[in-house]
Structure formats: C-alpha cells, structure tokens
$ cat run.csv   # CSV, C-alpha atoms
chain,number,residue,atom,x,y,z
A,113,MET,CA,341.3,7.6,-125.1
A,114,ASP,CA,343.4,9.4,-127.7
A,115,ILE,CA,345.1,12.6,-126.7
A,116,ILE,CA,345.5,15.2,-129.5
A,117,LEU,CA,346.7,18.8,-128.7
A,118,GLY,CA,347.6,21.7,-131.0
A,119,ILE,CA,349.0,25.1,-130.3
A,120,ARG,CA,349.5,27.8,-132.9
A,121,VAL,CA,352.3,30.2,-131.9
A,122,GLN,CA,353.7,33.2,-133.7
A,123,ASP,CA,355.9,31.3,-136.2
A,124,SER,CA,354.8,27.7,-136.1
A,125,VAL,CA,352.1,25.1,-135.1
A,126,ILE,CA,352.9,22.5,-132.4
A,127,LEU,CA,351.0,19.2,-132.6
A,128,ALA,CA,351.1,16.6,-129.8
A,129,SER,CA,349.5,13.2,-129.8
A,130,SER,CA,349.6,10.3,-127.3
A,131,LYS,CA,351.9,7.4,-128.2
A,132,ALA,CA,349.7,4.6,-126.8
A,133,ALA,CA,347.3,2.8,-129.2
A,134,THR,CA,344.4,1.7,-126.9
A,135,ARG,CA,341.2,-0.3,-127.2
A,136,GLY,CA,339.0,0.3,-124.2
A,137,ILE,CA,341.3,0.0,-121.2
A,138,SER,CA,343.9,-2.1,-123.0
A,139,ILE,CA,347.1,-0.7,-124.4
A,140,LEU,CA,347.8,-2.5,-127.7
A,141,LYS,CA,350.9,-0.5,-128.8
A,142,GLU,CA,353.3,1.8,-127.0
A,143,GLN,CA,354.7,3.7,-129.9
A,144,ASP,CA,351.9,4.7,-132.3
A,145,ASP,CA,352.3,7.7,-134.6
A,146,LYS,CA,348.9,9.4,-134.9
A,147,THR,CA,350.1,12.0,-137.4
A,148,ARG,CA,350.4,12.0,-141.2
A,149,GLU,CA,352.6,14.4,-143.2
A,150,LEU,CA,350.3,15.6,-146.0
A,151,SER,CA,352.8,17.9,-147.7
A,152,PRO,CA,356.1,19.6,-146.7
A,153,HIS,CA,354.1,22.3,-144.7
A,154,ASN,CA,350.9,20.4,-143.7
A,155,LEU,CA,350.6,17.9,-140.9
A,156,MET,CA,347.4,16.0,-139.8
A,157,SER,CA,347.0,14.6,-136.3
A,158,PHE,CA,344.0,12.3,-135.8
A,159,GLY,CA,342.2,10.2,-133.3
A,160,GLY,CA,339.1,8.0,-133.1
A,161,GLU,CA,338.2,4.4,-133.8
A,162,ALA,CA,341.4,2.5,-134.7
A,163,GLY,CA,340.5,1.2,-138.1
A,164,ASP,CA,338.6,4.3,-139.2
A,165,SER,CA,341.3,6.8,-138.2
A,166,VAL,CA,344.2,5.0,-139.9
A,167,GLN,CA,342.3,4.3,-143.1
A,168,PHE,CA,341.0,7.9,-143.2
A,169,ALA,CA,344.4,9.4,-142.6
A,170,GLU,CA,346.0,7.3,-145.3
A,171,TYR,CA,343.2,8.2,-147.7
A,172,ILE,CA,343.6,11.9,-147.1
A,173,GLN,CA,347.4,11.7,-147.3
A,174,ALA,CA,347.3,9.9,-150.6
A,175,ASN,CA,344.8,12.3,-152.1
A,176,ILE,CA,346.7,15.4,-151.0
A,177,GLN,CA,349.9,14.0,-152.4
A,178,LEU,CA,348.1,13.0,-155.7
A,179,TYR,CA,346.8,16.6,-156.1
A,180,ALA,CA,350.2,18.0,-155.5
A,181,ILE,CA,351.7,15.7,-158.2
A,182,ARG,CA,348.9,16.4,-160.7
A,183,GLU,CA,348.8,20.2,-160.2
A,184,ASN,CA,352.4,20.8,-159.3
A,185,ILE,CA,351.4,23.0,-156.3
A,186,GLU,CA,351.4,22.6,-152.5
A,187,LEU,CA,347.9,23.2,-151.0
A,188,SER,CA,347.6,25.8,-148.2
A,189,PRO,CA,346.5,24.6,-144.8
A,190,LEU,CA,343.1,26.2,-145.4
A,191,ALA,CA,342.7,24.2,-148.6
A,192,VAL,CA,343.8,21.0,-146.9
A,193,SER,CA,341.4,21.5,-144.0
A,194,SER,CA,338.5,22.2,-146.4
A,195,PHE,CA,339.2,19.0,-148.3
A,196,VAL,CA,339.3,17.0,-145.0
A,197,ARG,CA,336.1,18.7,-143.8
A,198,GLN,CA,334.4,17.9,-147.1
A,199,GLU,CA,335.4,14.2,-146.9
A,200,LEU,CA,334.2,13.9,-143.3
A,201,ALA,CA,330.9,15.7,-144.1
A,202,LYS,CA,330.4,13.3,-147.1
A,203,SER,CA,331.1,10.2,-144.9
A,204,ILE,CA,328.6,11.2,-142.2
A,205,ARG,CA,325.9,11.0,-144.8
A,206,SER,CA,326.9,7.6,-145.9
A,207,ARG,CA,326.2,4.1,-144.5
A,208,LYS,CA,329.7,3.8,-143.1
A,209,PRO,CA,330.8,7.1,-141.6
A,210,TYR,CA,334.3,7.7,-140.3
A,211,GLN,CA,334.6,8.1,-136.5
A,212,VAL,CA,337.7,10.4,-136.8
A,213,ASN,CA,338.6,13.7,-135.2
A,214,VAL,CA,341.4,15.7,-136.8
A,215,LEU,CA,343.7,18.6,-136.2
A,216,ILE,CA,345.4,20.2,-139.3
A,217,GLY,CA,348.5,22.2,-138.6
A,218,GLY,CA,350.3,24.0,-141.3
A,219,TYR,CA,352.4,26.9,-142.5
A,220,ASP,CA,351.0,29.0,-145.3
A,221,SER,CA,354.0,29.9,-147.4
A,222,LYS,CA,352.2,32.7,-149.3
A,223,LYS,CA,350.7,34.4,-146.3
A,224,GLN,CA,353.8,33.6,-144.2
A,225,LYS,CA,351.8,32.5,-141.2
A,226,PRO,CA,350.9,29.3,-139.3
A,227,GLU,CA,347.4,28.0,-139.2
A,228,LEU,CA,345.6,25.4,-137.0
A,229,TYR,CA,342.2,23.8,-137.8
A,230,GLN,CA,340.1,21.5,-135.7
A,231,ILE,CA,337.7,19.2,-137.5
A,232,ASP,CA,335.4,16.7,-135.8
A,233,TYR,CA,333.8,13.5,-137.0
A,234,LEU,CA,330.6,15.5,-138.0
A,235,GLY,CA,332.6,17.6,-140.4
A,236,ILE,CA,332.6,20.8,-138.3
A,237,LYS,CA,335.7,22.9,-139.0
A,238,VAL,CA,337.1,25.9,-137.1
A,239,GLU,CA,340.4,27.7,-137.1
A,240,LEU,CA,341.7,28.1,-133.5
A,241,PRO,CA,344.8,29.3,-131.7
A,242,TYR,CA,344.8,26.1,-129.7
A,243,ALA,CA,342.8,22.9,-129.9
A,244,ALA,CA,342.3,19.5,-128.3
A,245,HIS,CA,340.4,16.3,-129.1
A,246,GLY,CA,339.7,13.5,-126.7
A,247,TYR,CA,339.9,13.7,-122.9
A,248,SER,CA,342.9,16.1,-123.1
A,249,GLY,CA,340.5,19.0,-123.6
A,250,PHE,CA,338.9,18.4,-120.1
A,251,TYR,CA,342.3,18.8,-118.4
A,252,THR,CA,344.2,21.3,-120.5
A,253,PHE,CA,341.8,24.0,-121.7
A,254,SER,CA,342.1,25.9,-118.4
A,255,LEU,CA,345.9,26.0,-118.7
A,256,LEU,CA,345.7,27.0,-122.4
A,257,ASP,CA,343.1,29.7,-121.7
A,258,HIS,CA,345.2,31.2,-118.9
A,259,HIS,CA,348.7,31.0,-120.4
A,260,TYR,CA,348.3,31.3,-124.1
A,261,ARG,CA,349.3,34.4,-126.0
A,262,PRO,CA,349.2,34.9,-129.8
A,263,ASP,CA,352.8,36.3,-129.8
A,264,MET,CA,354.4,33.3,-128.2
A,265,THR,CA,357.6,31.9,-129.7
A,266,THR,CA,358.0,28.2,-130.5
A,267,GLU,CA,360.0,27.7,-127.3
A,268,GLU,CA,357.3,29.3,-125.2
A,269,GLY,CA,354.7,27.2,-126.9
A,270,LEU,CA,356.7,24.0,-126.0
A,271,LYS,CA,356.9,25.2,-122.4
A,272,LEU,CA,353.1,25.6,-122.4
A,273,LEU,CA,352.7,22.1,-123.9
A,274,LYS,CA,355.0,20.7,-121.2
A,275,MET,CA,352.6,22.2,-118.6
A,276,CYS,CA,349.7,20.5,-120.3
A,277,ILE,CA,351.4,17.2,-120.5
A,278,LYS,CA,352.4,17.4,-116.8
A,279,GLU,CA,348.7,18.1,-116.0
A,280,LEU,CA,347.6,15.1,-118.1
A,281,ASP,CA,350.2,12.8,-116.4
A,282,LYS,CA,348.9,13.9,-113.0
A,283,ARG,CA,345.1,13.7,-113.7
A,284,MET,CA,344.5,11.2,-116.5
A,285,PRO,CA,343.3,7.8,-115.2
A,286,ILE,CA,345.2,5.9,-117.9
A,287,ASP,CA,348.8,5.7,-119.0
A,288,PHE,CA,349.0,7.2,-122.5
A,289,LYS,CA,352.8,6.5,-122.8
A,290,GLY,CA,353.8,10.1,-123.3
A,291,VAL,CA,353.3,12.2,-126.4
A,292,MET,CA,354.8,12.5,-129.8
A,293,VAL,CA,355.4,16.2,-130.6
A,294,LYS,CA,355.9,17.7,-134.1
A,295,ILE,CA,356.4,21.3,-135.2
A,296,VAL,CA,355.3,22.8,-138.5
A,297,ASP,CA,357.0,26.0,-139.5
A,298,LYS,CA,358.5,27.8,-142.6
A,299,ASP,CA,361.2,25.2,-142.7
A,300,GLY,CA,358.8,22.2,-142.8
A,301,ILE,CA,357.9,19.5,-140.3
A,302,ARG,CA,360.2,18.2,-137.6
A,303,GLN,CA,359.8,16.0,-134.5
A,304,VAL,CA,360.8,17.2,-131.0
A,305,GLU,CA,362.7,14.4,-129.3
A,306,ASP,CA,363.0,15.6,-125.7
A,307,MET,CA,359.3,15.7,-124.6

$ encode --input "run.csv" --output "structure tokens"
Amino acid sequence: MDIILGIRVQDSVILASSKAATRGISILKEQDDKTRELSPHNLMSFGGEAGDSVQFAEYIQANIQLYAIRENIELSPLAVSSFVRQELAKSIRSRKPYQVNVLIGGYDSKKQKPELYQIDYLGIKVELPYAAHGYSGFYTFSLLDHHYRPDMTTEEGLKLLKMCIKELDKRMPIDFKGVMVKIVDKDGIRQVEDM
C-alpha cells in the first residue's frame, strides 16, 4: 500500500512517499518518513514489508555513511544505487530476503546532473526519468508519460507531482494521509512543506 514516486527534472530529483504506515487495510501511523538521507546529495525512498524496509534502509544508511567516513569521499548516486542493488541481489539468494522496493535520488556533483534509480526487491536496477513503486504506478504513469519533459524545472516538476497526487487522492481506495516530498539538488536535500 506504500506510494513512492520519483521525478528527475533538469536540475534536481523530486521524491514523494505516502505518510501513512499501513498493515493490510489498517493505518498504524499517520506521519511515517519512508526516506533516508544517505549522504548530503543522496536520498533513498523505500517501501515494502514494515520490518524489512526499515531494517534495510537503516543498514544501507549506516554502510554508506561508514564508507564516507573511512574513505573521506561522498559516493555518487550511481555508486550508491549499485551498492543497494548488490545488497538486494545478495539477500534474494539468502534464506531471509528483504521485501523492499527502493528509489535512489541524487545529485552527482562531479557530472553536475541529477540521477534517479529504481531498484526492486529482486535486485533489478534501472535509471529512469520518473519512477513509481506500489499502487501509485497504476494511476500516475499515464500522467507522467503525457506531461513529463526532460528540460522541466523543479517548479514544473512539483506541478506535475501535484497532478499525480490529485489523481491518487481521487482514485486510490485507501487514505494514504498525503505525501512527504523531498528534493535533492546541488545544494543538498530539502523537504517541501506545502504539498
């Protein structure tokens, strides 16, 4: 029931995730942050089984931060996504695989460009201009296909995201308590308050 959306625009990546923590049809928590800041320019949004997703997100966050401390370097979004993909691919071959789907949004400071990666629980990774996990893809891909342009500004990307959220509000059979929106750009990660 998690909603996770990502849109890469000209100068940033916009990630949105539902605020409600659900189990089946029950809402357990109304304000749940389904993102983890991995580094100053890398953000991970995740969804899946409640225990798996939080444990996996904290494991990834700790390992990315440990690498940055040891090597004194910030990993690029490509390197972060490759590490996450490798960990999910390893887990699927174990007795206790993680049931987690992930979006990695980041800004590569060396290439001066934003990047968005979609990784599913099977360890399949792909770079995309926009992505969705969960039921949100059923309702939003037609809007994203029709209105998305690679040269969009952050403001235009937020307008497109608002269209997607409006469509989800109208058509989703559950109350997902709105979305938490975060933007990753050259200045770092910030939360959008008025969504």

$ closest_residue --input "run.csv" --among "A:Asp263, A:Glu183, A:Glu149, A:Glu279" --to "Ala169 of chain A" --atoms "only C-alpha atoms"
A:Glu149

$ residues_around --input "run.csv" --residues "Thr265 of chain A" --least-positions-apart "4" --cutoff "7 Å" --atoms "all atoms listed in the file" --output "PyMOL selection string"
chain A and resi 121-123+269

$ atom_distance --input "run.csv" --atom1 "atom CA of Val296 of chain A" --atom2 "atom CA of Gln173 of chain A"
16.2 Å

$ residues_around --input "run.csv" --residues "Asp232 of chain A" --least-positions-apart "4" --cutoff "8 Å" --atoms "all atoms listed in the file" --output "PyMOL selection string"
chain A and resi 212-214+236-237

$ write_last_selection --input "run.csv" --atoms "C-alpha atoms" --output "PDB file, keeping the file's coordinate frame"
ATOM      1  CA  VAL A 212     337.700  10.400-136.800  1.00  0.00           C
ATOM      2  CA  ASN A 213     338.600  13.700-135.200  1.00  0.00           C
ATOM      3  CA  VAL A 214     341.400  15.700-136.800  1.00  0.00           C
ATOM      4  CA  ILE A 236     332.600  20.800-138.300  1.00  0.00           C
ATOM      5  CA  LYS A 237     335.700  22.900-139.000  1.00  0.00           C
TER       6      LYS A 237
END

$ atom_distance --input "run.csv" --atom1 "atom CA of Tyr247 of chain A" --atom2 "atom CA of Phe288 of chain A"
11.2 Å

$ closest_residue --input "run.csv" --among "A:Leu178, A:Leu190, A:Cys276, A:Leu200" --to "Leu228 of chain A" --atoms "only C-alpha atoms"
A:Leu190

$ atom_distance --input "run.csv" --atom1 "atom CA of Thr147 of chain A" --atom2 "atom CA of Val304 of chain A"
13.5 Å

$ residues_near_point --input "run.csv" --point "(348.9, 17.4, -138.5)" --cutoff "6 Å" --atoms "only C-alpha atoms" --output "ChimeraX atom specification"
/A:147,155-157,215-217

$ residues_around --input "run.csv" --residues "Tyr219 of chain A" --least-positions-apart "6" --cutoff "6 Å" --atoms "only C-alpha atoms" --output "list of chain:residue names"
A:His153, A:Lys225, A:Pro226, A:Asp297
